[in-house]
Structure formats: C-alpha cells, structure tokens
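Comments concern the structure below.
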Amino acid sequence: MARKNIKGKDIAQFLGVRQATIYDKLNGHYGFSFYEALAIKNCFFPEYDLEYLFKQDNEVRENATT
C-alpha cells in the first residue's frame, strides 16, 4: 500500500465501509471476505497474486527465515 500510496481510506471508500473497519482488518482483528480481497486486488493491485497480498504476518516471518 505504501509503495503505491494507497491509504486505508481509499480502500474503505471503494468497498463502502468505515475506515476503522479496514484498519481493523489490516491489523488482523477481522478477516477480509474473499470478495473483498478479490475486489481490492483487482482495483488496487492487479499485478499481485491474492496469496501474496493477503499473506498473514506469521507466514511472512516464516518465509523470511527459510
């Protein structure tokens, strides 16, 4: 998001939800639905795979150490 200068408010506005909801999901308090994830990918990050975009923090750490 930072590399593309995309803010949580941009995603919230696109999905029609509160900004706080997006930040809760980004921080791992709740998950994105498949349809939300797909819409975010297609609109903001078409060049990336869903698996890459929505990898959980513990998955990122495990891959970094291997």
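Note on naming: chains are A, B, ... as they come in the structure tokens, residues start from 1 per chain, ligands start from 1 in the order shown.
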Practice item. Would you mind listing what lies within 7 Å of Gln19 (chain A) as a PyMOL selection string, with only C-alpha atoms counted and same-chain residues fewer than 3 positions away left out? Key: chain A and resi 8-9+12+22-23
**Study point:** Shell of 9 Å around Phe54 (chain A), only C-alpha atoms, local chain residues under 4 positions omitted, as number ranges by chain
**Key:** A: 32, 37, 49-50
Point to revise | Selection near Gln56 (chain A), 10 Å with only C-alpha atoms, sequence-local residues under 6 positions removed, as a ChimeraX atom specification | key: /A:26-28
Practice item. Mind giving me the straight-line distance from CA of Pro46 (chain A) to CA of Leu15 (chain A) in Å, one decimal? Key: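 Straight-line distance from CA of Pro46 (chain A) to CA of Leu15 (chain A) works out to 16.2 Å.
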Practice item. Within chain A, find each residue whose DSSP state, derived from the backbone, is helix (DSSP H, G or I), and express the selection as a ChimeraX atom specification. Key: /A:8-15,19-26,34-44,50-53,57-65
**Study point:** Which residue of A:Thr21, A:Glu51, A:Phe45, A:Tyr30 approaches Ile6 (chain A) most closely, using only C-alpha atoms
**Key:**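 Using only C-alpha atoms, the shortest distance to Ile6 (chain A) belongs to A:Phe45.
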Exercise for review: Calculate how many Å separate CA of Lys7 (chain A) from CA of Ala20 (chain A), rounding to one decimal.
Suggested key: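 Value for the CA of Lys7 (chain A)-CA of Ala20 (chain A) distance: 12.0 Å.
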Review point. Interatomic distance between CA of Lys55 (chain A) and CA of Met1 (chain A)?
Key: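 Pair CA of Lys55 (chain A) / CA of Met1 (chain A) returns 13.9 Å.
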